[in-house]
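target_20.txt, holding compact mmCIF, C-alpha atoms and all ligand atoms:
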```txt
# COMPACT_ATOMS: atom_id res chain seq x y z
CA MET A 1 6.26 16.02 -17.46
CA THR A 2 4.41 13.64 -19.81
CA GLU A 3 3.29 10.62 -17.88
CA THR A 4 1.71 7.48 -19.26
CA LEU A 5 0.17 4.88 -17.00
CA LEU A 6 2.26 1.76 -17.44
CA TYR A 7 0.71 -0.37 -14.75
CA GLU A 8 -1.90 -0.04 -12.04
CA GLY A 9 -1.29 -2.43 -9.17
CA LYS A 10 -3.10 -2.97 -5.90
CA ALA A 11 -1.21 -0.27 -3.99
CA LYS A 12 0.49 1.91 -6.61
CA LYS A 13 0.16 3.37 -10.06
CA VAL A 14 3.35 3.20 -12.11
CA PHE A 15 3.87 5.78 -14.88
CA THR A 16 6.53 6.17 -17.55
CA THR A 17 8.02 9.68 -17.72
CA ASP A 18 9.65 11.67 -20.51
CA GLU A 19 13.02 10.65 -19.11
CA PRO A 20 14.01 7.28 -20.58
CA ASN A 21 14.27 4.48 -18.01
CA VAL A 22 12.68 6.61 -15.27
CA LEU A 23 9.34 5.68 -13.67
CA LEU A 24 7.00 7.58 -11.38
CA HIS A 25 5.33 5.47 -8.66
CA THR A 26 2.23 7.05 -7.14
CA TYR A 27 1.22 5.36 -3.91
CA LYS A 28 -2.52 4.96 -3.39
CA ASP A 29 -4.52 5.06 -0.14
CA ASP A 30 -6.08 1.73 -1.24
CA ALA A 31 -5.20 -1.48 0.54
CA THR A 32 -5.76 -5.13 -0.27
CA ALA A 33 -5.06 -8.27 1.71
CA PHE A 34 -5.34 -12.00 1.15
CA ASN A 35 -4.49 -11.58 -2.55
CA ALA A 36 -7.11 -8.82 -3.04
CA LYS A 37 -9.98 -10.81 -1.48
CA LYS A 38 -10.17 -8.05 1.17
CA ARG A 39 -10.14 -4.37 0.15
CA GLY A 40 -10.01 -1.10 2.04
CA SER A 41 -8.62 2.43 2.02
CA TRP A 42 -7.48 4.97 4.59
CA GLU A 43 -6.20 8.50 4.54
CA GLY A 44 -2.46 9.01 4.68
CA LYS A 45 -1.52 5.48 3.59
CA GLY A 46 -0.05 6.59 0.25
CA LYS A 47 1.91 9.36 1.96
CA THR A 48 3.33 7.04 4.62
CA ASN A 49 4.31 4.34 2.14
CA ALA A 50 5.91 6.73 -0.39
CA THR A 51 7.76 8.77 2.24
CA MET A 52 8.92 5.78 4.25
CA SER A 53 10.07 3.95 1.11
CA ALA A 54 12.00 7.03 -0.03
CA ALA A 55 13.71 7.45 3.38
CA LEU A 56 14.56 3.75 3.67
CA PHE A 57 15.85 3.42 0.10
CA ALA A 58 18.10 6.45 0.67
CA TYR A 59 19.35 4.96 3.95
CA LEU A 60 20.00 1.58 2.31
CA GLU A 61 21.93 3.27 -0.54
CA GLN A 62 24.10 5.03 2.08
CA ASN A 63 24.77 1.59 3.55
CA GLY A 64 25.86 -0.08 0.32
CA VAL A 65 22.58 -1.52 -0.99
CA PRO A 66 21.85 -0.64 -4.64
CA THR A 67 18.22 0.47 -5.07
CA HIS A 68 15.95 1.79 -7.83
CA PHE A 69 15.26 5.03 -5.89
CA LEU A 70 15.96 8.40 -7.54
CA GLU A 71 13.93 11.06 -5.68
CA GLN A 72 10.69 11.80 -3.85
CA VAL A 73 8.57 14.11 -6.01
CA ASP A 74 5.68 14.87 -3.64
CA ASP A 75 3.91 13.35 -0.62
CA THR A 76 2.76 10.25 -2.50
CA SER A 77 5.11 9.95 -5.49
CA ILE A 78 8.67 8.81 -6.03
CA LYS A 79 10.83 8.53 -9.13
CA THR A 80 12.78 5.32 -9.68
CA LYS A 81 14.85 3.63 -12.32
CA LYS A 82 12.78 1.47 -14.67
CA LEU A 83 13.73 -2.14 -14.11
CA ASP A 84 13.05 -5.56 -15.52
CA MET A 85 11.59 -7.16 -12.43
CA LEU A 86 12.58 -10.64 -11.28
CA PRO A 87 9.43 -12.72 -10.66
CA VAL A 88 10.48 -13.31 -7.06
CA GLU A 89 9.26 -12.08 -3.68
CA VAL A 90 12.02 -12.34 -1.09
CA VAL A 91 10.66 -12.72 2.45
CA VAL A 92 12.98 -12.31 5.44
CA ARG A 93 11.85 -13.34 8.92
CA ASN A 94 13.34 -12.60 12.35
CA LEU A 95 10.37 -13.72 14.49
CA ALA A 96 7.56 -16.16 13.74
CA THR A 97 4.17 -14.84 12.72
CA GLY A 98 1.91 -15.15 9.68
CA SER A 99 2.35 -17.96 7.17
CA ILE A 100 5.45 -19.58 8.75
CA LYS A 101 3.34 -20.51 11.81
CA ARG A 102 1.00 -22.45 9.52
CA LEU A 103 3.92 -23.93 7.55
CA LEU A 104 5.99 -25.20 10.49
CA GLY A 105 3.70 -25.00 13.54
CA PHE A 106 5.86 -22.36 15.25
CA GLU A 107 4.41 -20.39 18.15
CA GLU A 108 3.69 -16.65 17.66
CA GLY A 109 6.74 -14.48 18.34
CA ARG A 110 9.34 -17.30 18.36
CA LYS A 111 12.69 -15.58 17.85
CA PHE A 112 14.73 -17.32 15.17
CA LYS A 113 18.37 -18.28 15.84
CA ALA A 114 19.22 -16.61 12.54
CA PRO A 115 17.10 -14.74 9.99
CA ILE A 116 15.13 -17.03 7.66
CA ILE A 117 14.81 -16.33 3.94
CA GLU A 118 11.87 -17.54 1.87
CA LEU A 119 11.59 -17.20 -1.89
CA CYS A 120 8.12 -16.92 -3.45
CA TYR A 121 7.13 -16.93 -7.10
CA LYS A 122 5.42 -13.57 -7.83
CA ASP A 123 2.19 -14.73 -9.45
CA ASP A 124 -1.17 -13.52 -8.13
CA ASP A 125 -3.10 -16.31 -9.92
CA LEU A 126 -1.08 -18.85 -7.94
CA ASP A 127 -1.14 -16.81 -4.67
CA ASP A 128 2.65 -16.20 -4.75
CA PRO A 129 3.66 -19.77 -3.78
CA LEU A 130 6.73 -20.57 -1.67
CA VAL A 131 9.34 -22.08 -4.02
CA ASN A 132 12.94 -23.31 -3.93
CA TRP A 133 15.93 -22.85 -6.25
CA HIS A 134 14.89 -25.81 -8.42
CA HIS A 135 11.44 -24.31 -9.09
CA LEU A 136 12.95 -20.91 -9.88
CA ARG A 137 15.50 -22.40 -12.29
CA GLU A 138 12.65 -24.14 -14.13
CA ILE A 139 10.74 -20.82 -14.27
CA GLY A 140 13.85 -19.28 -15.85
CA VAL A 141 15.51 -17.37 -13.00
CA SER A 142 19.30 -17.78 -13.08
CA ASP A 143 21.28 -19.05 -10.09
CA GLU A 144 23.14 -15.72 -10.05
CA ASP A 145 19.84 -13.83 -9.73
CA ILE A 146 18.52 -16.14 -7.01
CA GLU A 147 21.76 -15.70 -5.09
CA PHE A 148 21.44 -11.93 -5.50
CA CYS A 149 17.89 -12.06 -4.08
CA GLU A 150 18.98 -14.02 -1.00
CA GLU A 151 22.00 -11.79 -0.33
CA LEU A 152 19.82 -8.71 -0.84
CA GLY A 153 17.27 -9.96 1.68
CA PHE A 154 19.94 -10.62 4.32
CA LYS A 155 21.69 -7.28 3.69
CA VAL A 156 18.45 -5.25 3.88
CA ASN A 157 17.69 -7.00 7.18
CA GLU A 158 21.19 -6.33 8.52
CA VAL A 159 20.83 -2.60 7.77
CA LEU A 160 17.17 -2.08 8.69
CA ALA A 161 16.77 -4.22 11.83
CA PRO A 162 19.13 -1.94 13.86
CA PHE A 163 17.63 1.18 12.20
CA PHE A 164 14.17 0.23 13.49
CA ASP A 165 15.50 -1.02 16.83
CA GLU A 166 16.88 2.47 17.51
CA ARG A 167 13.37 3.78 16.90
CA GLY A 168 11.72 1.36 19.34
CA ILE A 169 10.49 -1.03 16.65
CA ILE A 170 11.08 -4.76 16.09
CA LEU A 171 11.42 -5.61 12.40
CA VAL A 172 9.52 -8.91 12.56
CA ASP A 173 9.50 -9.82 8.87
CA PHE A 174 9.30 -8.18 5.45
CA LYS A 175 9.11 -8.74 1.70
CA VAL A 176 11.33 -7.16 -0.93
CA GLU A 177 11.57 -7.37 -4.72
CA ALA A 178 14.47 -6.92 -7.12
CA GLY A 179 14.98 -6.04 -10.76
CA LYS A 180 17.68 -5.18 -13.27
CA ASP A 181 18.41 -1.89 -15.00
CA GLU A 182 19.12 -1.45 -18.71
CA ASN A 183 22.74 -2.49 -18.15
CA GLY A 184 21.74 -5.68 -16.34
CA ASN A 185 22.69 -4.40 -12.88
CA PRO A 186 20.48 -6.01 -10.22
CA MET A 187 19.06 -3.85 -7.42
CA LEU A 188 16.36 -3.51 -4.77
CA ALA A 189 12.99 -2.30 -6.12
CA ASP A 190 9.30 -1.87 -5.27
CA GLU A 191 8.57 -0.50 -1.76
CA ILE A 192 9.43 -0.86 1.92
CA SER A 193 6.49 0.18 4.10
CA PRO A 194 3.99 -1.05 6.70
CA ASP A 195 2.29 -2.82 3.74
CA THR A 196 5.33 -4.99 3.15
CA CYS A 197 6.90 -5.26 6.63
CA ARG A 198 5.66 -6.30 10.04
CA PHE A 199 6.57 -3.80 12.75
CA TRP A 200 5.99 -4.42 16.47
CA ASP A 201 6.56 -1.81 19.17
CA LYS A 202 9.56 -2.97 21.24
CA GLU A 203 7.98 -2.07 24.60
CA THR A 204 4.34 -3.07 24.08
CA ASN A 205 4.45 -5.51 21.11
CA GLU A 206 1.70 -3.34 19.56
CA LYS A 207 1.38 -4.07 15.83
CA LEU A 208 2.12 -1.01 13.68
CA ASP A 209 1.56 -2.44 10.18
CA LYS A 210 -0.96 -3.89 7.73
CA ASP A 211 -1.84 -6.76 10.08
CA ARG A 212 -4.20 -4.24 11.79
CA PHE A 213 -6.14 -4.13 8.49
CA ARG A 214 -5.76 -7.85 7.71
CA ASN A 215 -7.12 -8.80 11.14
CA ASP A 216 -9.68 -5.95 11.64
CA MET A 217 -7.85 -4.63 14.71
CA GLY A 218 -8.74 -0.93 14.23
CA GLY A 219 -6.32 1.98 14.62
CA ILE A 220 -4.80 1.42 11.18
CA GLU A 221 -4.55 5.11 10.22
CA GLU A 222 -2.84 5.91 13.54
CA ALA A 223 -0.42 2.97 13.19
CA TYR A 224 0.77 4.11 9.73
CA ALA A 225 1.10 7.71 10.96
CA GLU A 226 3.13 6.50 13.96
CA MET A 227 5.50 4.50 11.74
CA LEU A 228 6.01 7.53 9.49
CA ARG A 229 6.80 9.63 12.57
CA ARG A 230 9.32 7.10 13.90
CA VAL A 231 11.12 6.80 10.57
CA THR A 232 11.28 10.51 9.72
CA SER A 233 11.84 12.04 13.18
P1 LIG A 301 1.03 -5.42 -7.23
O1 LIG A 301 1.54 -5.67 -8.64
O2 LIG A 301 1.50 -6.48 -6.27
O3 LIG A 301 -0.42 -5.15 -7.16
P2 LIG A 301 1.79 -2.61 -6.72
O4 LIG A 301 0.45 -2.01 -6.67
O5 LIG A 301 2.73 -2.25 -5.64
O6 LIG A 301 1.82 -4.18 -6.67
O7 LIG A 301 2.40 -2.29 -8.16
C1 LIG A 301 3.71 -2.01 -8.40
C2 LIG A 301 4.28 -2.93 -9.45
O8 LIG A 301 5.47 -2.32 -9.99
C3 LIG A 301 4.70 -4.29 -8.89
O9 LIG A 301 4.31 -5.31 -9.80
C4 LIG A 301 6.22 -4.21 -8.82
O10 LIG A 301 6.85 -5.48 -9.00
C5 LIG A 301 6.56 -3.26 -9.94
N1 LIG A 301 7.79 -2.47 -9.76
C6 LIG A 301 8.30 -2.00 -8.60
N2 LIG A 301 9.44 -1.30 -8.79
C7 LIG A 301 9.67 -1.29 -10.14
C8 LIG A 301 10.69 -0.75 -10.99
N3 LIG A 301 11.69 -0.01 -10.50
N4 LIG A 301 10.61 -0.97 -12.34
C9 LIG A 301 9.58 -1.70 -12.85
N5 LIG A 301 8.57 -2.23 -12.11
C10 LIG A 301 8.60 -2.05 -10.77
N1 LIG A 302 4.29 -9.80 2.24
C1 LIG A 302 4.08 -8.83 1.28
N2 LIG A 302 3.41 -9.15 0.14
C2 LIG A 302 2.94 -10.40 -0.09
C3 LIG A 302 3.15 -11.40 0.90
C4 LIG A 302 3.83 -11.06 2.05
O1 LIG A 302 4.52 -7.69 1.45
O2 LIG A 302 2.35 -10.65 -1.16
C5 LIG A 302 5.03 -9.46 3.48
C6 LIG A 302 4.12 -9.38 4.72
O3 LIG A 302 3.71 -8.04 4.94
C7 LIG A 302 5.05 -9.84 5.83
C8 LIG A 302 6.01 -10.82 5.14
O4 LIG A 302 5.94 -10.52 3.75
O5 LIG A 302 5.81 -8.75 6.31
C9 LIG A 302 5.68 -12.27 5.38
O6 LIG A 302 4.34 -12.49 5.06
P1 LIG A 302 3.57 -13.89 5.34
O7 LIG A 302 4.05 -14.89 4.36
O8 LIG A 302 3.65 -14.26 6.78
O9 LIG A 302 2.13 -13.45 4.94
P2 LIG A 302 0.67 -13.81 5.42
O10 LIG A 302 0.36 -15.04 4.66
O11 LIG A 302 0.67 -13.98 6.89
O12 LIG A 302 -0.06 -12.56 4.97
```
What's the structure tokens form of this structure?
Amino acid sequence: MTETLLYEGKAKKVFTTDEPNVLLHTYKDDATAFNAKKRGSWEGKGKTNATMSAALFAYLEQNGVPTHFLEQVDDTSIKTKKLDMLPVEVVVRNLATGSIKRLLGFEEGRKFKAPIIELCYKDDDLDDPLVNWHHLREIGVSDEDIEFCEELGFKVNEVLAPFFDERGIILVDFKVEAGKDENGNPMLADEISPDTCRFWDKETNEKLDKDRFRNDMGGIEEAYAEMLRRVTS
């Protein structure tokens, strides 16, 4: 397979392949937080994130969510459709933690009456600001695409919250991205992993996600390994 590096991000390398419109995403062990102001790395991170993303994309497809996923190639690599990405990060929240506590003064762990969607403009230089439909229209995102992003966020939550609940995990919040294929069909893209979701153990409230790295809590390698075990067993 002839691969050309198309893009190197903070957590993945994205390669073109000799198949048109097919990309290879290689997940790195590197981690960043606070818009790359904090950096780290631990063994097994790439494997957990690639394998968990592959399993969750396949499960979402089975449950009616269109995704970019094609196949897992090895421990740290997956093939996906090549998409034109929408410049939007869709955040879905079931319980309060992280930035919404600062935004609205909510107490940690407040359970929302209904899931809350936030739309952010994907722009590292601006720190991915929280935006509304009016901002996104001005940036050039169509109403149809914004609506797709919101519906996608809710649907992913509807499918994955019970999936994790059965595995003893609370899906606290998460971020997803979307893009369109060469025919203009919109679908779920990027990754779903402990980098992009907050997972709390249902019995102990133990954090099993990137917050352990963000907040120097230790046990990060074990937390990622535990999440991989819960998803794949
Ligand atoms: P970042 O850009 O935030 O540092 P990553 O290291 O995860 O993130 O790099 C992956 C990049 O690839 C992201 O910019 C993401 O939006 C993009 N991407 C994810 N899925 C696809 C896809 N199917 N087609 C094209 N680009 C994608
Ligand atoms: N998130 C992400 N990438 C980002 C910002 C947020 O994957 O660039 C995820 C994060 O892991 C969490 C959810 O989106 O699951 C909500 O994040 P929040 O806005 O609370 O982020 P904080 O500012 O606390 O890091």
Distance query 9 Å from (17.3, -8.5, 8.5) using all atoms listed in the file, result as a PyMOL selection string: chain A and resi 92-94+115-116+153-162+171-174
Residue contacts of Asp18 in chain A (12 Å, all atoms listed in the file) excluding same-chain residues fewer than 2 positions away, as a VMD selection string: chain A and resid 1 to 4 15 to 16 20 to 24 79
Surrounding residues of Glu191 in chain A excluding itself and chain neighbours under 5 positions, 8 Å, all atoms listed in the file, as a PyMOL selection string: chain A and resi 49-50+53+176+196
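Considering only C-alpha atoms and all ligand atoms, the residue among A:Glu226, A:Glu147, A:Asp84, A:Glu108 positioned nearest to ligand LIG 302 (chain A) is A:Glu108.
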Answer as a list of chain:residue names, residues within 7 Å of (-2.1, 6.2, -3.0) using all atoms listed in the file: A:Ala11, A:Lys12, A:Thr26, A:Tyr27, A:Lys28, A:Asp29, A:Asp30, A:Lys45, A:Gly46, A:Thr76
Using only C-alpha atoms and all ligand atoms, what does the table of chain A residues within 9 Å of ligand LIG 302 (chain A) look like, with each row giving the shortest atom pair and its distance in Å to one decimal, sorted by chain and ascending number, as a tab-separated table?
```
residue	atom	partner	partner_atom	distance
A:Ala33	CA	A:LIG302	O12	7.4
A:Phe34	CA	A:LIG302	O12	6.5
A:Asn35	CA	A:LIG302	O2	7.0
A:Glu89	CA	A:LIG302	C2	7.5
A:Val90	CA	A:LIG302	O4	8.0
A:Val91	CA	A:LIG302	O4	5.4
A:Val92	CA	A:LIG302	C8	7.1
A:Arg93	CA	A:LIG302	C9	7.2
A:Ala96	CA	A:LIG302	O8	8.2
A:Thr97	CA	A:LIG302	O8	6.0
A:Gly98	CA	A:LIG302	O11	3.3
A:Ser99	CA	A:LIG302	O8	3.9
A:Ile100	CA	A:LIG302	O8	6.0
A:Lys101	CA	A:LIG302	O8	8.0
A:Arg102	CA	A:LIG302	O11	8.9
A:Glu118	CA	A:LIG302	O7	8.6
A:Cys120	CA	A:LIG302	C3	8.6
A:Lys122	CA	A:LIG302	O2	7.9
A:Asp124	CA	A:LIG302	O2	8.3
A:Asp127	CA	A:LIG302	O2	7.9
A:Asp128	CA	A:LIG302	O2	6.6
A:Leu130	CA	A:LIG302	O7	8.7
A:Leu171	CA	A:LIG302	O5	8.9
A:Val172	CA	A:LIG302	O5	7.3
A:Asp173	CA	A:LIG302	O5	4.6
A:Phe174	CA	A:LIG302	O5	3.6
A:Lys175	CA	A:LIG302	O4	4.2
A:Val176	CA	A:LIG302	O1	7.2
A:Glu191	CA	A:LIG302	O1	8.9
A:Ile192	CA	A:LIG302	O1	8.4
A:Ser193	CA	A:LIG302	O1	8.5
A:Pro194	CA	A:LIG302	O3	7.2
A:Asp195	CA	A:LIG302	O3	5.5
A:Thr196	CA	A:LIG302	O1	3.3
A:Cys197	CA	A:LIG302	O5	3.7
A:Arg198	CA	A:LIG302	O5	4.5
A:Phe199	CA	A:LIG302	O5	8.2
A:Asp209	CA	A:LIG302	O3	8.0
A:Lys210	CA	A:LIG302	O3	6.8
A:Asp211	CA	A:LIG302	O3	7.7
A:Arg214	CA	A:LIG302	O12	7.9
```
Residues contacting ligand LIG 301 (chain A) - anything with an atom at most 8 Å away, using all atoms listed in the file - can you give me those as a PDB file with C-alpha atoms, in the frame of the given file?
```
ATOM      1  CA  TYR A   7       0.710  -0.370 -14.750  1.00  0.00           C
ATOM      2  CA  GLU A   8      -1.900  -0.040 -12.040  1.00  0.00           C
ATOM      3  CA  GLY A   9      -1.290  -2.430  -9.170  1.00  0.00           C
ATOM      4  CA  LYS A  10      -3.100  -2.970  -5.900  1.00  0.00           C
ATOM      5  CA  ALA A  11      -1.210  -0.270  -3.990  1.00  0.00           C
ATOM      6  CA  LYS A  12       0.490   1.910  -6.610  1.00  0.00           C
ATOM      7  CA  LYS A  13       0.160   3.370 -10.060  1.00  0.00           C
ATOM      8  CA  VAL A  14       3.350   3.200 -12.110  1.00  0.00           C
ATOM      9  CA  LEU A  23       9.340   5.680 -13.670  1.00  0.00           C
ATOM     10  CA  HIS A  25       5.330   5.470  -8.660  1.00  0.00           C
ATOM     11  CA  TYR A  27       1.220   5.360  -3.910  1.00  0.00           C
ATOM     12  CA  HIS A  68      15.950   1.790  -7.830  1.00  0.00           C
ATOM     13  CA  PHE A  69      15.260   5.030  -5.890  1.00  0.00           C
ATOM     14  CA  THR A  80      12.780   5.320  -9.680  1.00  0.00           C
ATOM     15  CA  LYS A  81      14.850   3.630 -12.320  1.00  0.00           C
ATOM     16  CA  LYS A  82      12.780   1.470 -14.670  1.00  0.00           C
ATOM     17  CA  LEU A  83      13.730  -2.140 -14.110  1.00  0.00           C
ATOM     18  CA  ASP A  84      13.050  -5.560 -15.520  1.00  0.00           C
ATOM     19  CA  MET A  85      11.590  -7.160 -12.430  1.00  0.00           C
ATOM     20  CA  PRO A  87       9.430 -12.720 -10.660  1.00  0.00           C
ATOM     21  CA  ASP A 124      -1.170 -13.520  -8.130  1.00  0.00           C
ATOM     22  CA  GLU A 177      11.570  -7.370  -4.720  1.00  0.00           C
ATOM     23  CA  ALA A 178      14.470  -6.920  -7.120  1.00  0.00           C
ATOM     24  CA  GLY A 179      14.980  -6.040 -10.760  1.00  0.00           C
ATOM     25  CA  ALA A 189      12.990  -2.300  -6.120  1.00  0.00           C
ATOM     26  CA  ASP A 190       9.300  -1.870  -5.270  1.00  0.00           C
ATOM     27  CA  GLU A 191       8.570  -0.500  -1.760  1.00  0.00           C
TER      28      GLU A 191
END
```
All residues 8 Å or closer to Gly44 in chain A, all atoms listed in the file, same chain fewer than 6 positions away omitted, as a VMD selection string: chain A and resid 29 221 224 to 225
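A straight line drawn from CA of Val231 in chain A to CA of Ala55 in chain A is 7.7 Å long.
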Between CA of Trp42 in chain A and CA of Asp216 in chain A, distance in Å (one decimal):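 Computed distance, CA of Trp42 in chain A to CA of Asp216 in chain A, equals 13.2 Å.
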Residue among A:Leu86, A:Leu228, A:Ala36, A:Leu70 lying closest to Ile139 in chain A, counting only C-alpha atoms: A:Leu86
For CA of Glu206 in chain A and CA of Phe106 in chain A, the interatomic separation in Å (one decimal):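 Interatomic distance, CA of Glu206 in chain A to CA of Phe106 in chain A: 19.9 Å.
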At a cut-off of 9 Å, using all atoms listed in the file, what residues contact Asp75 in chain A? Leave out same-chain residues fewer than 3 positions from it and give the result as a PDB file with C-alpha atoms, in the frame of the given file.
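Ended up saving to result_26.pdb:
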```pdb
ATOM      1  CA  GLY A  46      -0.050   6.590   0.250  1.00  0.00           C
ATOM      2  CA  LYS A  47       1.910   9.360   1.960  1.00  0.00           C
ATOM      3  CA  THR A  48       3.330   7.040   4.620  1.00  0.00           C
ATOM      4  CA  ALA A  50       5.910   6.730  -0.390  1.00  0.00           C
ATOM      5  CA  THR A  51       7.760   8.770   2.240  1.00  0.00           C
ATOM      6  CA  GLN A  72      10.690  11.800  -3.850  1.00  0.00           C
ATOM      7  CA  ILE A  78       8.670   8.810  -6.030  1.00  0.00           C
TER       8      ILE A  78
END
```
Shortest interatomic distance to Ser142 in chain A - which of A:Val65, A:Met227, A:Gly168, A:Val88, counting all atoms listed in the file: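 Of A:Val65, A:Met227, A:Gly168, A:Val88, the one nearest Ser142 in chain A is A:Val88, counting all atoms listed in the file.
Using all atoms listed in the file for every distance, the candidate list A:Leu60, A:Leu136, A:Leu208, A:Ala223 yields A:Leu60 as the residue closest to Phe163 in chain A.
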Nearest residue to Ala58 in chain A from the set A:Ile220, A:Arg230, A:Leu188, A:Pro129 (distances using all atoms listed in the file): A:Leu188
A:Ala54, A:Glu61, A:Asn205, A:Glu19 ranked by distance to Asp74 in chain A, top pick (using only C-alpha atoms):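 The answer is A:Ala54, which sits nearest to Asp74 in chain A.
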